[in-house]
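Novice: Here it is, the structure, as structure tokens.
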Amino acid sequence: WHLGMCRKECTPQYRGFDTFYGGYSGEGNYWSHITHMGQYDWQDGDNVCWECDGVHSQDLIQSRVTDLLDSEDGSSPWFMYVAFHNVHSEAQPKTENVQQYMGLGLDEDRMNYLGLATGMDEAIGAIVQKLKDTGHYDNTLIVFSADNGGDVHESNNAPLRGTKSTIWEGGCKGVAWIHSPLLSVSGVESNELVHVTDWLPTFVNIAGGDLDPQAAGLDGYDQSDLVLNNGPSVRPNMIYNIDRECDYGPCKYGELGARNLQYKLIWGNTGQCDGWGYDNADFLFNIEEYQVMMENYSAQANAVDKRGGPYDFDQPQDTFLNAFYDMVRVSDAEFDSGTGYMKLFDLLADPAEQNDLSDSADPEHVAAKAELIKLLQDSYADGYQPQTAQWNAPDPNFDKTVNGGAMTPGYCDTTVPLPDNFGQV
């Protein structure tokens, strides 16, 4: 979960806190900070923070943020990005945060998930209180957002379909709220289309900058009117994913997906889970619909290492998934011709993605399908960067025999140059 805070002033100068504090891998033990690959992973700037061993990451993040707010004098706009470890694997809540869920008949995964969410809620409450105590609150915009839907067997994305690691709405639609005395309206619900790339130009311009994202070559849109006034979104469409490297390994987390303001197209593999809600969402190999689809499909694929995520599959499960991905994957010929395994949904009428319109002869559905196919084809042609070499190349930053067994920031050296009109950062 992510907390973004932007302090607004009347000057176009703004800056970010010049600090990095936390881990690079995004997962690992909450107390020891050891990743599943065996490296110690908690840094303070460019230095390994060995003294953080034994301190829960929730406490480390809360303490650093409140300390920074104590030291901020408010003389210029600032932006703070706070990415909590909660609720990511490994699921290790603090005892006091999980106690209230004991004895309720919950399984351990669900109980730990709720405990982590509760701990994060307490930490954010402390941060907001610090904003008030230090006099920053009245001129600060607070944005709270998930980076994806909840994981299978832990969370409940109902009524949306699917989970994390899928292109279903339950996996991609992030819960978010915006809070500030600066807002012209409050207490309203919005279902307008916003993409993660929109936050950069939106925050810059709210803080007093003058950034035209399209002129700067950015993918995002300035959603300042939506954020401050509950206005309409200025984004016309969105790409969920483009993964054309299935020859490297199955596109386990979904292959191709796009939407406009009403319709959504999923093309190829949808991801490794399906279903609705906590009780019914599951891995494909446990769902009867997909078992039936596989009955007459004889192709078999070798198991491959997962590209990310906390899942450990046995050989039959991996074989099932890989064979299914092979069955529905979009070949190069299908991609070029706009054919292959597809699902089309009207998200306005059917936000839970229950009624597939991909074979509909309705002219409106046919036109929406063609529009989204072209959007994906054009986006792919306009600069898709293959990642196969990156995944396969050995990286010394992941070698736990160097740097004292700690992960290093070497792979973060490459930065994108900022446009000239970004002002001071």
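Just remember, in the structure tokens the first chain shown is A, the second B, etc., residues are 1-based per chain, and ligands are 1-based in the order shown.
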Counting only C-alpha atoms, which residues of segment 78-133 of chain A sit at most 12 Å from some atom of segment 170-194 of chain A, and what is each one's closest atom pair with its distance in Å to one decimal, listed by chain and rising residue number, as CSV?
Specialist:
residue,atom,partner,partner_atom,distance
A:Val128,CA,A:His179,CA,10.4
A:Leu131,CA,A:Ser180,CA,11.3
A:Lys132,CA,A:Ser180,CA,11.6
Novice: Selection from above, all heavy atoms, as a short mmCIF file (atom, residue, chain, number, x, y, z; two decimals), in the first residue's frame, can you write it?
Specialist:
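So result.cif came out as:
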data_model
loop_
_atom_site.label_atom_id
_atom_site.label_comp_id
_atom_site.auth_asym_id
_atom_site.auth_seq_id
_atom_site.Cartn_x
_atom_site.Cartn_y
_atom_site.Cartn_z
N VAL A 128 -0.62 11.05 9.91
CA VAL A 128 -1.57 12.15 9.76
C VAL A 128 -1.56 13.03 11.01
O VAL A 128 -1.61 14.27 10.92
CB VAL A 128 -2.98 11.60 9.48
CG1 VAL A 128 -4.01 12.73 9.48
CG2 VAL A 128 -3.01 10.87 8.14
N LEU A 131 1.36 15.27 10.80
CA LEU A 131 1.11 16.39 9.90
C LEU A 131 0.38 17.52 10.63
O LEU A 131 0.69 18.70 10.45
CB LEU A 131 0.28 15.93 8.71
CG LEU A 131 0.98 15.12 7.61
CD1 LEU A 131 -0.04 14.51 6.67
CD2 LEU A 131 1.95 15.99 6.83
N LYS A 132 -0.57 17.16 11.46
CA LYS A 132 -1.33 18.16 12.21
C LYS A 132 -0.45 18.82 13.28
O LYS A 132 -0.48 20.04 13.45
CB LYS A 132 -2.55 17.51 12.83
CG LYS A 132 -3.57 17.01 11.81
CD LYS A 132 -4.76 16.33 12.47
CE LYS A 132 -5.78 15.88 11.43
NZ LYS A 132 -6.94 15.20 12.03
#
Novice: Might you pull out every residue within 10 Å of segment 47-51 of chain A, with only C-alpha atoms counted and same-chain residues fewer than 6 positions away left off, and present them as a list in words?
Specialist: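 The contact residues come out as Phe20, Tyr21, Gly22, Gly23, Ser32, His33, Tyr40, Asp41, Asn403, Gly404, Ala406, Met407, Thr408 and Pro409 of chain A.
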Novice: When you count only C-alpha atoms, which of these residues is closest to Pro351 of chain A: A:Ala126, A:Leu261, A:Leu211, A:Met120?
Specialist: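 Closest to Pro351 of chain A of all the choices is A:Leu261.
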Novice: One decimal, Å: what's the distance from atom CA of Asp274 of chain A over to atom CA of Gly162 of chain A, could you say?
Specialist: 4.5 Å
Novice: When distances are computed from only C-alpha atoms, which of A:Ala381, A:Leu69, A:Ala215, A:Met294 shows the smallest separation from Asp133 of chain A?
Specialist: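 Selected residue with least distance to Asp133 of chain A: A:Leu69.
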Novice: Please identify the strand (DSSP E) residues within segment 36-68 of chain A (assignment by DSSP from backbone atoms) and present them as a list of chain:residue names.
Specialist: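 Those in segment 36-68 of chain A that DSSP calls strand (DSSP E) are A:Gln43, A:Asp44, A:Asn47, A:Val48.
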Novice: Any chance you could list, as JSON, numbers by chain, the residues in segment 129-212 of chain A that come up helix (DSSP H, G or I) when DSSP is run on the backbone?
Specialist: {"A": [129, 130, 131, 132, 133, 137, 138, 139, 169, 170, 171, 172, 196, 197, 198, 199, 200, 201, 202, 203, 204, 205, 206]}
Novice: Mind writing the picked residues with N, CA and C atoms as a PDB file, in the first residue's frame?
Specialist:
ATOM      1  N   GLN A 129      -1.477  12.423  12.177  1.00  0.00           N
ATOM      2  CA  GLN A 129      -1.420  13.201  13.399  1.00  0.00           C
ATOM      3  C   GLN A 129      -0.162  14.063  13.444  1.00  0.00           C
ATOM      4  N   LYS A 130       0.949  13.515  12.938  1.00  0.00           N
ATOM      5  CA  LYS A 130       2.192  14.288  12.894  1.00  0.00           C
ATOM      6  C   LYS A 130       2.061  15.468  11.934  1.00  0.00           C
ATOM      7  N   LEU A 131       1.364  15.273  10.800  1.00  0.00           N
ATOM      8  CA  LEU A 131       1.108  16.394   9.901  1.00  0.00           C
ATOM      9  C   LEU A 131       0.379  17.520  10.634  1.00  0.00           C
ATOM     10  N   LYS A 132      -0.568  17.159  11.458  1.00  0.00           N
ATOM     11  CA  LYS A 132      -1.327  18.163  12.210  1.00  0.00           C
ATOM     12  C   LYS A 132      -0.453  18.819  13.276  1.00  0.00           C
ATOM     13  N   ASP A 133       0.324  17.999  13.977  1.00  0.00           N
ATOM     14  CA  ASP A 133       1.153  18.529  15.059  1.00  0.00           C
ATOM     15  C   ASP A 133       2.218  19.501  14.559  1.00  0.00           C
ATOM     16  N   TYR A 137      -0.669  19.935   7.979  1.00  0.00           N
ATOM     17  CA  TYR A 137      -1.888  19.245   7.550  1.00  0.00           C
ATOM     18  C   TYR A 137      -2.775  20.101   6.652  1.00  0.00           C
ATOM     19  N   ASP A 138      -3.004  21.344   7.012  1.00  0.00           N
ATOM     20  CA  ASP A 138      -3.967  22.180   6.295  1.00  0.00           C
ATOM     21  C   ASP A 138      -3.556  22.475   4.866  1.00  0.00           C
ATOM     22  N   ASN A 139      -2.290  22.273   4.540  1.00  0.00           N
ATOM     23  CA  ASN A 139      -1.816  22.574   3.186  1.00  0.00           C
ATOM     24  C   ASN A 139      -1.195  21.347   2.529  1.00  0.00           C
ATOM     25  N   GLU A 169     -10.365  -7.293 -13.077  1.00  0.00           N
ATOM     26  CA  GLU A 169     -10.474  -6.050 -12.320  1.00  0.00           C
ATOM     27  C   GLU A 169     -10.067  -6.236 -10.858  1.00  0.00           C
ATOM     28  N   GLY A 170     -10.359  -7.398 -10.284  1.00  0.00           N
ATOM     29  CA  GLY A 170      -9.964  -7.657  -8.909  1.00  0.00           C
ATOM     30  C   GLY A 170      -8.469  -7.658  -8.703  1.00  0.00           C
ATOM     31  N   GLY A 171      -7.716  -7.867  -9.764  1.00  0.00           N
ATOM     32  CA  GLY A 171      -6.268  -7.853  -9.660  1.00  0.00           C
ATOM     33  C   GLY A 171      -5.650  -6.509  -9.978  1.00  0.00           C
ATOM     34  N   CYS A 172      -6.345  -5.691 -10.777  1.00  0.00           N
ATOM     35  CA  CYS A 172      -5.748  -4.453 -11.281  1.00  0.00           C
ATOM     36  C   CYS A 172      -6.365  -3.182 -10.728  1.00  0.00           C
ATOM     37  N   VAL A 196      -1.747   4.841 -12.762  1.00  0.00           N
ATOM     38  CA  VAL A 196      -0.623   5.199 -11.898  1.00  0.00           C
ATOM     39  C   VAL A 196       0.278   6.259 -12.533  1.00  0.00           C
ATOM     40  N   THR A 197       0.385   6.273 -13.855  1.00  0.00           N
ATOM     41  CA  THR A 197       1.238   7.262 -14.511  1.00  0.00           C
ATOM     42  C   THR A 197       0.670   8.674 -14.412  1.00  0.00           C
ATOM     43  N   ASP A 198      -0.590   8.796 -14.049  1.00  0.00           N
ATOM     44  CA  ASP A 198      -1.198  10.126 -13.921  1.00  0.00           C
ATOM     45  C   ASP A 198      -0.736  10.864 -12.665  1.00  0.00           C
ATOM     46  N   TRP A 199      -0.257  10.127 -11.672  1.00  0.00           N
ATOM     47  CA  TRP A 199       0.071  10.790 -10.409  1.00  0.00           C
ATOM     48  C   TRP A 199       1.209  11.797 -10.559  1.00  0.00           C
ATOM     49  N   LEU A 200       2.217  11.487 -11.358  1.00  0.00           N
ATOM     50  CA  LEU A 200       3.350  12.412 -11.494  1.00  0.00           C
ATOM     51  C   LEU A 200       2.910  13.788 -11.986  1.00  0.00           C
ATOM     52  N   PRO A 201       2.290  13.920 -13.170  1.00  0.00           N
ATOM     53  CA  PRO A 201       1.896  15.271 -13.598  1.00  0.00           C
ATOM     54  C   PRO A 201       0.841  15.897 -12.698  1.00  0.00           C
ATOM     55  N   THR A 202      -0.018  15.072 -12.098  1.00  0.00           N
ATOM     56  CA  THR A 202      -1.052  15.611 -11.211  1.00  0.00           C
ATOM     57  C   THR A 202      -0.432  16.235  -9.970  1.00  0.00           C
ATOM     58  N   PHE A 203       0.470  15.525  -9.326  1.00  0.00           N
ATOM     59  CA  PHE A 203       1.115  16.050  -8.120  1.00  0.00           C
ATOM     60  C   PHE A 203       1.952  17.283  -8.424  1.00  0.00           C
ATOM     61  N   VAL A 204       2.695  17.247  -9.530  1.00  0.00           N
ATOM     62  CA  VAL A 204       3.555  18.385  -9.875  1.00  0.00           C
ATOM     63  C   VAL A 204       2.725  19.646 -10.062  1.00  0.00           C
ATOM     64  N   ASN A 205       1.617  19.529 -10.794  1.00  0.00           N
ATOM     65  CA  ASN A 205       0.820  20.717 -11.082  1.00  0.00           C
ATOM     66  C   ASN A 205       0.033  21.191  -9.867  1.00  0.00           C
ATOM     67  N   ILE A 206      -0.430  20.280  -9.019  1.00  0.00           N
ATOM     68  CA  ILE A 206      -1.103  20.702  -7.794  1.00  0.00           C
ATOM     69  C   ILE A 206      -0.135  21.442  -6.876  1.00  0.00           C
TER      70      ILE A 206
END
Novice: Write out as a PDB file with C-alpha atoms, in the first residue's frame which residues come within 8 Å of Glu90 of chain A when counting only C-alpha atoms, dropping same-chain ones fewer than 2 positions away.
Specialist:
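What ended up in result.pdb:
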ATOM      1  CA  GLU A  27       9.343  -8.559   0.100  1.00  0.00           C
ATOM      2  CA  GLY A  28      11.118 -10.467   2.812  1.00  0.00           C
ATOM      3  CA  ASN A  29      11.056 -10.917   6.569  1.00  0.00           C
ATOM      4  CA  TYR A  30       9.477  -7.973   8.400  1.00  0.00           C
ATOM      5  CA  HIS A  88       3.053  -7.996   1.188  1.00  0.00           C
ATOM      6  CA  GLN A  92       4.211 -11.114   9.539  1.00  0.00           C
TER       7      GLN A  92
END
Novice: Distance atom CA of Tyr263 of chain A-atom CA of Leu348 of chain A, one decimal place?
Specialist: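 Between atom CA of Tyr263 of chain A and atom CA of Leu348 of chain A the gap works out to 7.7 Å.
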